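As provided, upload20.txt (compact mmCIF, C-alpha atoms and all ligand atoms) reads as follows.
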# COMPACT_ATOMS: atom_id res chain seq x y z
CA MET A 15 123.03 92.26 68.52
CA ALA A 16 126.80 92.68 68.14
CA TYR A 17 128.31 91.01 65.08
CA HIS A 18 130.24 87.88 65.90
CA ARG A 19 132.47 85.98 63.55
CA ALA A 20 130.88 82.71 62.47
CA VAL A 21 132.18 79.50 64.03
CA LEU A 22 132.64 76.30 62.05
CA LEU A 23 132.73 73.02 63.89
CA ARG A 24 134.19 70.45 61.54
CA GLY A 25 135.74 66.99 61.61
CA ALA A 26 132.87 65.19 63.36
CA ARG A 27 133.14 61.54 62.38
CA GLN A 28 129.59 61.13 63.68
CA LEU A 29 127.50 64.25 64.05
CA ILE A 30 124.58 63.09 66.19
CA THR A 31 121.97 65.69 65.25
CA LEU A 32 118.78 64.25 66.76
CA ARG A 33 116.88 66.40 64.32
CA GLY A 34 113.30 65.33 63.83
CA PRO A 35 109.72 66.32 64.40
CA SER A 36 109.12 68.89 67.09
CA GLU A 37 107.75 66.46 69.67
CA PRO A 38 109.14 64.23 72.43
CA ARG A 39 110.64 60.99 71.10
CA ARG A 40 108.67 57.82 71.81
CA GLY A 41 108.98 54.15 70.91
CA PRO A 42 111.19 53.49 67.86
CA ALA A 43 111.66 57.27 67.32
CA LEU A 44 113.78 57.31 70.48
CA ARG A 45 116.44 55.41 68.55
CA GLU A 46 116.61 57.79 65.61
CA LEU A 47 119.70 59.87 66.17
CA ASN A 48 119.94 61.19 62.62
CA ILE A 49 123.67 60.86 62.31
CA ILE A 50 125.67 62.74 59.69
CA PRO A 51 129.00 61.02 58.95
CA ASP A 52 131.81 63.55 58.61
CA GLY A 53 129.50 66.34 59.68
CA ALA A 54 129.96 70.05 60.23
CA VAL A 55 128.00 72.76 62.02
CA LEU A 56 128.08 76.43 61.17
CA ILE A 57 127.26 78.76 64.03
CA ARG A 58 126.48 82.46 64.11
CA ASN A 59 125.72 84.50 67.22
CA GLY A 60 125.58 81.29 69.20
CA VAL A 61 122.90 79.75 67.00
CA VAL A 62 123.16 76.92 64.47
CA VAL A 63 122.80 78.31 60.94
CA GLU A 64 123.85 75.26 58.90
CA VAL A 65 124.23 71.56 59.65
CA GLY A 66 125.30 68.92 57.17
CA PRO A 67 128.08 66.96 55.55
CA ALA A 68 131.42 68.77 55.83
CA ARG A 69 131.94 68.94 52.08
CA ARG A 70 128.74 70.97 51.66
CA ILE A 71 129.13 73.24 54.69
CA GLU A 72 132.80 73.96 54.00
CA ASN A 73 131.95 75.19 50.50
CA LEU A 74 129.49 77.82 51.68
CA ALA A 75 130.68 81.39 51.18
CA ILE A 76 129.94 82.40 54.77
CA THR A 77 132.18 79.64 56.05
CA ARG A 78 135.29 81.29 54.62
CA ASN A 79 135.94 83.68 57.49
CA ALA A 80 134.69 81.40 60.22
CA ARG A 81 136.73 80.50 63.28
CA GLU A 82 137.25 76.74 63.34
CA ILE A 83 136.73 74.16 66.03
CA ASP A 84 138.17 70.84 64.95
CA ALA A 85 136.39 67.77 66.33
CA ASN A 86 139.25 65.68 64.99
CA GLY A 87 137.35 62.59 63.89
CA ARG A 88 135.33 62.31 67.07
CA VAL A 89 131.63 62.05 67.98
CA VAL A 90 129.68 65.30 68.40
CA CYS A 91 126.29 65.36 70.14
CA PRO A 92 123.90 68.03 71.38
CA GLY A 93 124.81 69.16 74.91
CA PHE A 94 123.12 67.11 77.63
CA VAL A 95 119.95 68.55 79.11
CA ASP A 96 119.82 67.50 82.76
CA SER A 97 116.14 67.98 83.52
CA HIS A 98 116.13 67.01 87.22
CA THR A 99 118.67 68.36 89.72
CA HIS A 100 118.78 69.78 93.22
CA LEU A 101 121.71 72.00 92.23
CA ILE A 102 121.73 74.29 95.28
CA CYS A 103 121.81 71.79 98.10
CA GLY A 104 124.56 72.59 100.60
CA PRO A 105 127.28 70.23 101.79
CA PRO A 106 127.47 66.48 101.23
CA ARG A 107 125.62 64.33 103.80
CA LEU A 108 128.41 61.99 104.71
CA ALA A 109 127.00 60.85 108.05
CA ASP A 110 123.76 59.79 106.31
CA TYR A 111 125.87 57.95 103.78
CA GLU A 112 127.69 55.96 106.43
CA MET A 113 124.44 55.25 108.29
CA ARG A 114 123.00 53.83 105.11
CA LEU A 115 126.05 51.73 104.51
CA ALA A 116 125.63 50.41 108.06
CA GLY A 117 122.09 49.32 107.26
CA SER A 118 119.64 52.23 107.87
CA THR A 119 117.33 53.06 105.00
CA TYR A 120 116.95 56.50 103.40
CA GLU A 121 113.48 56.77 104.93
CA GLU A 122 114.66 55.77 108.42
CA ILE A 123 117.38 58.43 108.32
CA ALA A 124 114.83 61.04 107.26
CA LYS A 125 112.50 60.03 110.12
CA ALA A 126 115.34 60.45 112.58
CA GLY A 127 115.76 64.11 111.47
CA GLY A 128 118.61 63.54 109.01
CA GLY A 129 118.07 63.46 105.28
CA ILE A 130 116.50 66.43 103.52
CA LEU A 131 116.00 68.37 106.78
CA GLN A 132 119.72 68.18 107.44
CA SER A 133 120.32 70.01 104.16
CA VAL A 134 117.53 72.48 105.01
CA ARG A 135 119.32 73.43 108.23
CA ALA A 136 122.57 73.97 106.33
CA ILE A 137 121.00 76.03 103.54
CA ARG A 138 119.10 78.27 105.96
CA LYS A 139 122.41 79.20 107.59
CA THR A 140 124.18 79.94 104.29
CA PRO A 141 124.24 83.54 103.03
CA ALA A 142 122.87 84.19 99.54
CA ARG A 143 126.30 85.08 98.09
CA ALA A 144 127.79 81.80 99.28
CA LEU A 145 124.95 79.86 97.66
CA VAL A 146 125.66 81.49 94.31
CA HIS A 147 129.33 80.68 94.71
CA GLN A 148 128.63 77.03 95.61
CA GLY A 149 126.17 76.72 92.75
CA ALA A 150 128.75 78.02 90.28
CA GLU A 151 131.38 75.59 91.58
CA THR A 152 128.97 72.69 91.26
CA LEU A 153 128.01 73.75 87.74
CA GLY A 154 131.65 73.48 86.73
CA GLY A 155 131.29 69.71 87.22
CA PHE A 156 128.18 69.56 85.04
CA ILE A 157 129.93 71.49 82.28
CA ARG A 158 132.93 69.15 82.39
CA HIS A 159 130.54 66.24 81.84
CA GLY A 160 128.92 67.76 78.77
CA THR A 161 125.80 69.32 80.25
CA THR A 162 124.71 72.63 78.74
CA THR A 163 121.22 73.04 80.26
CA VAL A 164 120.30 72.23 83.87
CA GLU A 165 116.94 72.24 85.60
CA ALA A 166 117.45 73.24 89.24
CA LYS A 167 114.98 72.90 92.10
CA SER A 168 114.58 74.79 95.35
CA GLY A 169 113.32 72.65 98.24
CA TYR A 170 116.05 73.06 100.87
CA GLY A 171 114.75 76.40 102.17
CA LEU A 172 111.07 75.64 102.73
CA ASP A 173 110.23 78.99 104.30
CA GLU A 174 109.56 81.98 102.12
CA ALA A 175 112.86 83.80 102.60
CA ASN A 176 115.01 80.73 102.09
CA GLU A 177 113.13 79.37 99.08
CA LYS A 178 113.48 82.81 97.48
CA LYS A 179 117.16 82.84 98.40
CA ILE A 180 117.71 79.53 96.56
CA LEU A 181 115.66 80.50 93.51
CA LYS A 182 117.48 83.84 93.24
CA ALA A 183 120.79 81.98 93.51
CA ILE A 184 119.65 79.71 90.66
CA ALA A 185 118.83 82.77 88.55
CA GLU A 186 122.28 84.23 89.20
CA THR A 187 124.30 81.04 88.86
CA GLY A 188 123.76 80.14 85.22
CA GLY A 189 125.11 82.99 83.15
CA THR A 190 126.60 82.34 79.74
CA ARG A 191 128.24 78.99 80.60
CA VAL A 192 125.05 76.99 81.04
CA ASP A 193 121.29 77.62 80.93
CA LEU A 194 119.30 77.01 84.08
CA VAL A 195 115.58 76.30 84.43
CA ALA A 196 114.17 77.00 87.89
CA THR A 197 111.64 74.79 89.68
CA TYR A 198 109.89 75.62 92.94
CA LEU A 199 109.96 72.51 95.15
CA GLY A 200 108.27 74.07 98.19
CA ALA A 201 106.71 70.71 99.00
CA HIS A 202 109.90 68.68 99.42
CA VAL A 203 109.21 67.76 103.04
CA THR A 204 107.29 69.47 105.85
CA PRO A 205 109.69 71.88 107.58
CA PRO A 206 110.15 71.73 111.40
CA GLU A 207 108.02 74.83 112.06
CA TRP A 208 105.03 73.03 110.47
CA ALA A 209 105.79 69.58 111.92
CA GLY A 210 102.64 67.46 112.13
CA ARG A 211 100.70 70.02 110.09
CA ALA A 212 101.50 69.05 106.50
CA ASP A 213 98.03 70.03 105.25
CA GLN A 214 98.34 73.49 106.75
CA TYR A 215 101.82 73.81 105.28
CA ILE A 216 100.41 73.04 101.83
CA ASP A 217 97.62 75.61 102.46
CA TRP A 218 100.27 78.21 103.32
CA ILE A 219 102.26 77.39 100.19
CA ILE A 220 99.14 77.68 98.04
CA THR A 221 97.93 80.96 99.48
CA GLU A 222 101.23 82.72 100.23
CA ALA A 223 104.49 81.27 99.02
CA MET A 224 103.62 80.04 95.55
CA PRO A 225 101.83 83.19 94.34
CA CYS A 226 104.73 85.29 95.60
CA ILE A 227 107.33 83.16 93.84
CA GLN A 228 105.31 83.23 90.66
CA LYS A 229 104.84 87.02 90.86
CA LEU A 230 108.59 87.51 91.17
CA GLY A 231 109.14 85.25 88.15
CA LEU A 232 111.50 83.04 90.15
CA ALA A 233 110.31 79.67 88.81
CA GLU A 234 108.79 78.14 85.70
CA PHE A 235 107.90 74.78 87.23
CA ALA A 236 106.47 73.53 90.51
CA ASP A 237 107.43 70.12 91.87
CA ILE A 238 106.31 68.04 94.87
CA TYR A 239 107.77 64.99 96.57
CA CYS A 240 104.82 62.60 96.71
CA GLU A 241 106.00 59.76 98.96
CA ARG A 242 105.59 58.12 102.36
CA GLY A 243 107.19 60.50 104.85
CA ALA A 244 106.77 63.45 102.46
CA PHE A 245 103.41 64.38 100.88
CA SER A 246 100.28 62.36 100.13
CA LEU A 247 98.52 62.04 96.81
CA ALA A 248 95.71 64.33 98.01
CA GLN A 249 98.25 66.97 99.05
CA ALA A 250 100.04 66.61 95.72
CA ARG A 251 96.75 67.15 93.88
CA ARG A 252 96.03 70.35 95.81
CA TYR A 253 99.57 71.66 95.36
CA LEU A 254 99.76 70.92 91.64
CA ASN A 255 96.29 72.31 90.93
CA ALA A 256 97.29 75.53 92.68
CA ALA A 257 100.52 75.62 90.68
CA THR A 258 98.58 75.39 87.42
CA LYS A 259 96.35 78.26 88.54
CA CYS A 260 99.51 80.24 89.26
CA GLY A 261 100.79 79.65 85.74
CA LEU A 262 103.55 77.24 86.77
CA ARG A 263 104.15 74.03 84.82
CA LEU A 264 104.13 70.76 86.72
CA LYS A 265 106.62 68.12 87.80
CA ILE A 266 106.33 65.45 90.45
CA HIS A 267 108.68 63.11 92.36
CA ALA A 268 106.53 59.98 92.08
CA GLU A 269 106.66 56.32 93.12
CA GLN A 270 110.31 56.35 94.20
CA PHE A 271 109.95 54.01 97.18
CA SER A 272 106.24 53.18 97.09
CA ARG A 273 103.29 53.58 94.77
CA LEU A 274 101.02 56.41 95.94
CA GLY A 275 99.52 57.23 92.54
CA GLY A 276 101.66 60.25 91.66
CA ALA A 277 102.42 59.07 88.12
CA ARG A 278 98.75 58.70 87.29
CA LEU A 279 98.05 62.11 88.83
CA ALA A 280 100.80 63.64 86.68
CA ALA A 281 99.22 62.25 83.52
CA GLU A 282 95.75 63.40 84.61
CA LEU A 283 96.90 66.95 85.35
CA GLY A 284 99.02 67.24 82.19
CA ALA A 285 102.28 67.52 84.11
CA THR A 286 105.36 68.10 82.00
CA SER A 287 107.16 65.24 83.73
CA ALA A 288 106.78 62.51 86.33
CA ASP A 289 110.16 61.63 87.82
CA HIS A 290 111.68 58.50 89.47
CA LEU A 291 108.89 55.91 88.81
CA GLU A 292 110.70 52.90 90.28
CA TYR A 293 107.44 51.55 91.75
CA ILE A 294 105.00 52.19 88.90
CA SER A 295 102.58 49.43 87.89
CA ASP A 296 101.89 48.03 84.42
CA ASP A 297 98.80 50.16 84.37
CA ASP A 298 100.83 53.27 85.14
CA VAL A 299 103.13 52.39 82.25
CA ARG A 300 100.14 52.40 79.89
CA THR A 301 98.76 55.60 81.43
CA LEU A 302 102.06 57.44 81.01
CA ALA A 303 102.48 56.11 77.47
CA ALA A 304 99.07 57.48 76.52
CA SER A 305 99.81 60.87 78.08
CA GLY A 306 101.94 63.88 77.18
CA THR A 307 103.89 63.55 80.44
CA ILE A 308 107.59 62.72 80.12
CA ALA A 309 108.76 59.79 82.25
CA THR A 310 112.04 61.06 83.71
CA LEU A 311 114.23 58.25 85.00
CA LEU A 312 116.95 58.79 87.59
CA PRO A 313 119.12 55.69 87.80
CA GLY A 314 121.83 57.47 89.82
CA ALA A 315 119.56 57.52 92.87
CA VAL A 316 118.96 53.77 92.67
CA LEU A 317 122.69 53.09 92.34
CA HIS A 318 123.77 55.40 95.16
CA LEU A 319 121.12 54.06 97.55
CA GLY A 320 122.40 50.55 96.88
CA LEU A 321 118.98 49.46 95.64
CA SER A 322 118.21 47.18 92.76
CA ARG A 323 114.76 48.26 91.66
CA TYR A 324 115.22 50.53 88.65
CA ALA A 325 112.25 52.09 86.87
CA PRO A 326 110.81 49.80 84.16
CA ALA A 327 112.38 51.77 81.33
CA ARG A 328 112.08 49.04 78.72
CA ALA A 329 108.36 48.63 79.36
CA LEU A 330 107.85 52.40 79.24
CA ILE A 331 109.68 52.78 75.94
CA ASP A 332 108.04 49.75 74.37
CA ALA A 333 104.61 51.01 75.42
CA GLY A 334 105.36 54.35 73.72
CA ALA A 335 106.12 56.62 76.69
CA ALA A 336 108.50 59.54 76.20
CA VAL A 337 111.44 58.74 78.47
CA ALA A 338 114.09 61.21 79.67
CA LEU A 339 117.21 60.60 81.75
CA ALA A 340 118.59 62.96 84.39
CA THR A 341 121.11 62.90 87.25
CA ASP A 342 118.85 63.94 90.18
CA PHE A 343 122.03 65.59 91.52
CA ASN A 344 121.45 65.93 95.31
CA PRO A 345 123.36 65.17 98.52
CA GLY A 346 121.06 62.41 99.76
CA THR A 347 120.42 60.03 96.93
CA SER A 348 122.44 60.96 93.85
CA PRO A 349 125.60 63.01 94.33
CA SER A 350 126.60 62.86 90.67
CA CYS A 351 126.67 65.49 87.96
CA SER A 352 127.65 63.00 85.26
CA MET A 353 125.15 62.41 82.48
CA PRO A 354 127.56 59.94 80.82
CA MET A 355 127.35 57.86 84.01
CA MET A 356 123.53 57.97 83.82
CA LEU A 357 123.76 56.71 80.24
CA SER A 358 125.93 53.80 81.35
CA LEU A 359 123.45 52.93 84.10
CA ALA A 360 120.49 53.29 81.78
CA CYS A 361 122.02 50.82 79.34
CA ALA A 362 123.44 48.31 81.81
CA GLN A 363 120.63 48.35 84.37
CA MET A 364 117.53 49.42 82.45
CA ARG A 365 118.36 47.89 79.07
CA LEU A 366 118.20 51.05 77.02
CA LEU A 367 120.09 50.97 73.76
CA PRO A 368 122.88 53.55 73.55
CA ALA A 369 120.88 55.51 70.97
CA GLU A 370 117.81 55.57 73.25
CA ALA A 371 119.90 56.73 76.19
CA ILE A 372 121.38 59.59 74.17
CA ALA A 373 117.98 60.77 72.94
CA ALA A 374 116.57 60.52 76.48
CA ALA A 375 119.44 62.67 77.81
CA THR A 376 119.22 65.36 75.15
CA ILE A 377 116.05 66.01 73.15
CA ASN A 378 113.66 64.41 75.65
CA GLY A 379 115.45 66.14 78.53
CA ALA A 380 114.82 69.39 76.68
CA TRP A 381 111.11 68.56 76.43
CA ALA A 382 111.08 67.66 80.14
CA CYS A 383 112.20 71.15 81.13
CA GLY A 384 110.43 73.22 78.50
CA ARG A 385 113.50 74.00 76.38
CA ALA A 386 112.95 71.89 73.25
CA ASP A 387 112.52 75.05 71.18
CA ARG A 388 116.16 75.99 71.74
CA CYS A 389 118.23 72.93 72.68
CA GLY A 390 118.37 69.14 72.76
CA SER A 391 119.22 68.67 69.07
CA ILE A 392 121.61 70.14 66.51
CA GLU A 393 119.22 71.93 64.18
CA VAL A 394 119.10 75.25 62.39
CA GLY A 395 117.72 77.92 64.71
CA LYS A 396 118.63 76.16 67.94
CA ASN A 397 121.44 77.15 70.28
CA ALA A 398 124.82 75.71 69.28
CA ASP A 399 125.13 73.67 72.47
CA LEU A 400 127.47 70.82 71.54
CA VAL A 401 129.68 68.18 73.10
CA VAL A 402 132.73 66.62 71.48
CA PHE A 403 133.39 63.17 72.92
CA ASN A 404 136.63 61.21 73.07
CA ALA A 405 134.94 58.53 70.98
CA SER A 406 134.66 57.61 67.34
CA ASP A 407 131.35 55.75 67.75
CA TYR A 408 128.49 57.08 69.90
CA ARG A 409 128.01 53.67 71.53
CA GLU A 410 131.30 54.17 73.35
CA ILE A 411 129.68 56.92 75.44
CA PRO A 412 127.69 54.54 77.70
CA TYR A 413 130.00 51.59 77.07
CA TYR A 414 132.93 53.00 79.03
CA PHE A 415 131.78 53.84 82.54
CA GLY A 416 133.25 55.69 85.49
CA VAL A 417 135.35 57.82 83.16
CA ASN A 418 134.59 61.19 81.68
CA PRO A 419 134.35 60.83 77.89
CA VAL A 420 133.94 64.57 77.23
CA ALA A 421 136.69 66.28 75.23
CA MET A 422 134.96 69.62 74.80
CA THR A 423 131.74 71.32 75.83
CA ILE A 424 130.47 74.16 73.65
CA LYS A 425 127.77 76.56 74.84
CA ARG A 426 126.19 78.76 72.17
CA GLY A 427 129.22 78.37 69.96
CA THR A 428 131.78 79.13 72.69
CA ILE A 429 134.07 76.51 74.20
CA VAL A 430 133.29 76.33 77.93
CA TYR A 431 135.29 73.17 78.63
CA ASP A 432 138.35 71.79 76.89
CA ALA A 433 139.79 68.65 78.47
CA ARG A 434 143.10 68.88 76.65
CA ARG A 435 143.85 72.32 78.06
CA GLY A 436 142.18 71.59 81.39
CA TYR A 437 140.06 74.67 80.76
CA VAL A 438 136.64 75.36 82.30
CA ALA A 439 135.00 78.74 81.71
CA LYS A 440 134.73 80.86 84.85
CA PRO A 441 131.31 82.03 86.00
CA ASP A 442 130.33 85.47 84.59
O1 LIG A 501 115.01 63.15 94.18
N1 LIG A 501 113.48 62.17 97.13
C1 LIG A 501 113.39 63.39 97.19
N2 LIG A 501 114.26 64.24 96.71
C2 LIG A 501 115.57 63.87 96.31
C3 LIG A 501 116.44 63.57 97.45
C4 LIG A 501 116.74 64.80 98.17
C5 LIG A 501 117.69 64.60 99.33
O2 LIG A 501 117.83 63.49 99.86
O3 LIG A 501 118.27 65.63 99.72
C6 LIG A 501 115.51 62.80 95.24
O4 LIG A 501 115.97 61.65 95.36
FE FE A 502 114.92 64.69 93.02
Please rewrite the model in this file as structure tokens.
Ligand code: NIG
Ligand code: FE
Amino acid sequence: MAYHRAVLLRGARQLITLRGPSEPRRGPALRELNIIPDGAVLIRNGVVVEVGPARRIENLAITRNAREIDANGRVVCPGFVDSHTHLICGPPRLADYEMRLAGSTYEEIAKAGGGILQSVRAIRKTPARALVHQGAETLGGFIRHGTTTVEAKSGYGLDEANEKKILKAIAETGGTRVDLVATYLGAHVTPPEWAGRADQYIDWIITEAMPCIQKLGLAEFADIYCERGAFSLAQARRYLNAATKCGLRLKIHAEQFSRLGGARLAAELGATSADHLEYISDDDVRTLAASGTIATLLPGAVLHLGLSRYAPARALIDAGAAVALATDFNPGTSPSCSMPMMLSLACAQMRLLPAEAIAAATINGAWACGRADRCGSIEVGKNADLVVFNASDYREIPYYFGVNPVAMTIKRGTIVYDARRGYVAKPD
């Protein structure tokens, strides 16, 4: 590897390290941010080599020639890990939005041929190059809001060529500015060419599409939308079992509008995460808490849909479940790339403490997308993915809402966003 000059980040009034045991944070551990007052981070080749109080780090011999990044008395956290997005999703669905505001529900719009299928039609018409371009533009917004790792799902192609087109675009879009984790969401809804034949569509995915995607190495995870109007619990079981056989790790969209049993299934099958969970029961809370499955909560979708039923985050945390927060960025239910906004919602609407919200959006997000070995906390050996906030106390991050508190985003030791200069790194 080429030799790079070391980088010293100094002047962090609160360095929120989140260092701790190598496991998802549960219960009281979710509140342990492991803060170093007046902290510094020494970085070499994009990786953290020292973390500690400034007076110790600044005295190390190797620090002498380092290039400096001055946090100027502000809060520094690990970069956000957004573990649930539909990054490549085509244009906004503004007609759906107005229909909802006029009183139609998300499910009614979907039944009338709008919703997800509207985005599928748009994506199928979009050339691969344009998808990469759109993805890169969208990622600029994530980077400006402090996100350094993004999970991205397919699910708007639904036939083999178009799902591959999206997953290849995901692979090309990340580059050095942000890390992407690809998820195959073949079972988002039944596409028009399989209308009325959802079981056969799942059969086709299992025998043809999924093995091909796995062989090409285009995805690490498989996800399914288990919901009225999408796929049943039995179909989810078949799909996820096949995914495991294919070597893909599991995620599920579960109990968003109704309780079909997806959360319980996720725990039973050892899924990495069960996402949404607005309609889980007390029993499901206990089941998830006793499992290794991360409960990924997506408050942006509840807000944007104008609903009031948020997932029972407090009960999940108090029961000992590992909770993560993500944006669910998508054109139908959560057109937001702002993790700080999700933190504000998590605190105000789901009663998380600011410390819990930060841990859920960083280290537990990293566990939810299989990246905890390299990001989610500021620890020796991990990537130097850092965010400098315009704040002198971490609690300000969720406290102020509807504003972007990010001063600087740093990806593997390189500044990729600097608010003062209005700079955002260009795609590679
Ligand atoms: O996570 N509910 C299913 N999937 C997305 C919405 C996708 C869309 O409406 O385009 C979600 O909310
Ligand atoms: Fe989603």
Give me, as CSV, the closest atom pair and its distance (Å, one decimal) for every residue of stretch 160-188 of chain A within a cut-off of 7 Å of stretch 115-139 of chain A, counting all atoms listed in the file, rows sorted by chain and rising number.
residue,atom,partner,partner_atom,distance
A:Tyr170,CA,A:Val134,CA,4.4
A:Gly171,CA,A:Val134,CA,5.6
A:Asn176,CA,A:Arg138,CA,6.1
* Structure fact -> For A:Arg39, the closest of A:Gly314, A:Gly334, A:Gly60, A:Pro326 counting all atoms listed in the file is A:Gly334
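You will find atom CA of A:Asp342 at 7.0 Å from atom CA of A:Ala315.
In this comparison, which uses all atoms listed in the file, the residue of A:Leu359, A:Ile392, A:Ile411, A:Ile238 approaching ligand LIG 501 (chain A) most closely is A:Ile238.
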With all atoms listed in the file counted and 7 Å as the cut-off, give the residues of chain A in contact with ligand FE 502 (chain A), each with its shortest interatomic distance in Å and the pair that gives it, as a tab-separated table.
residue	atom	partner	partner_atom	distance
A:His98	CA	A:FE502	FE	6.4
A:Thr99	CA	A:FE502	FE	6.2
A:His100	CA	A:FE502	FE	6.4
A:His267	CA	A:FE502	FE	6.5
A:Asp342	CA	A:FE502	FE	4.9
* Which residues, written as an MDAnalysis selection string, have at least one atom at most 9 Å from A:Ser358, with all atoms listed in the file counted and residues fewer than 4 positions away on the same chain left out? -> chainID A and resid 353:354 362:363 368 371 411:416
* **Spatial neighbours of A:Leu145, 12 Å, all atoms listed in the file, chain gap at least 5 places, as a ChimeraX atom specification** => /A:101-105,136-140,150-152,168,170-171,176-187
Taking (126.3, 67.7, 63.4) in the file's coordinates, which residues come within 8 Å, counting all atoms listed in the file, written as a PDB file with C-alpha atoms, keeping the file's coordinate frame?
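Final output, selection_14.pdb:
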ATOM      1  CA  ALA A  26     132.870  65.190  63.360  1.00  0.00           C
ATOM      2  CA  GLN A  28     129.590  61.130  63.680  1.00  0.00           C
ATOM      3  CA  LEU A  29     127.500  64.250  64.050  1.00  0.00           C
ATOM      4  CA  ILE A  30     124.580  63.090  66.190  1.00  0.00           C
ATOM      5  CA  THR A  31     121.970  65.690  65.250  1.00  0.00           C
ATOM      6  CA  ILE A  49     123.670  60.860  62.310  1.00  0.00           C
ATOM      7  CA  ILE A  50     125.670  62.740  59.690  1.00  0.00           C
ATOM      8  CA  GLY A  53     129.500  66.340  59.680  1.00  0.00           C
ATOM      9  CA  ALA A  54     129.960  70.050  60.230  1.00  0.00           C
ATOM     10  CA  VAL A  55     128.000  72.760  62.020  1.00  0.00           C
ATOM     11  CA  VAL A  65     124.230  71.560  59.650  1.00  0.00           C
ATOM     12  CA  GLY A  66     125.300  68.920  57.170  1.00  0.00           C
ATOM     13  CA  VAL A  90     129.680  65.300  68.400  1.00  0.00           C
ATOM     14  CA  CYS A  91     126.290  65.360  70.140  1.00  0.00           C
ATOM     15  CA  ILE A 392     121.610  70.140  66.510  1.00  0.00           C
TER      16      ILE A 392
END
Build an axis-aligned box that encloses every atom of ligand LIG 501 (chain A) listed in the file, pad it by 5 Å on each side, and report its centre and edge lengths in Å to one decimal, as lines of an AutoDock Vina configuration file.
center_x = 115.8
center_y = 63.6
center_z = 97.0
size_x = 14.9
size_y = 14.0
size_z = 15.7
* Selected residue of minimal separation from A:Tyr408 among A:Pro92, A:Gly41, A:Gly379, A:Pro441, counting only C-alpha atoms -> A:Pro92
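We find atom CA of A:Ala375 and atom CA of A:Tyr111 to be spaced 27.2 Å apart.
Non-sequential neighbours of A:Leu366 (distance at most 8 Å, separation of 6 or more positions within a chain, all atoms listed in the file) are Ala327, Arg328 and Ala360 of chain A.
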Filtering to C-alpha atoms, could you give me those residues as a PDB file, in the frame of the given file?
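Written output follows (again.pdb):
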ATOM      1  CA  ALA A 327     112.380  51.770  81.330  1.00  0.00           C
ATOM      2  CA  ARG A 328     112.080  49.040  78.720  1.00  0.00           C
ATOM      3  CA  ALA A 360     120.490  53.290  81.780  1.00  0.00           C
TER       4      ALA A 360
END
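The closest residue to ligand LIG 501 (chain A), picked from A:Phe94, A:Tyr431, A:Tyr239, A:Phe245 and counting all atoms listed in the file, is A:Tyr239.
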* **Pick from A:Val164, A:Ser406, A:Leu367, A:Glu222 nearest to A:Glu46, counting only C-alpha atoms** => A:Leu367
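Relative to atom CA of A:Asp213, atom CA of A:Leu274 is found at 16.8 Å.
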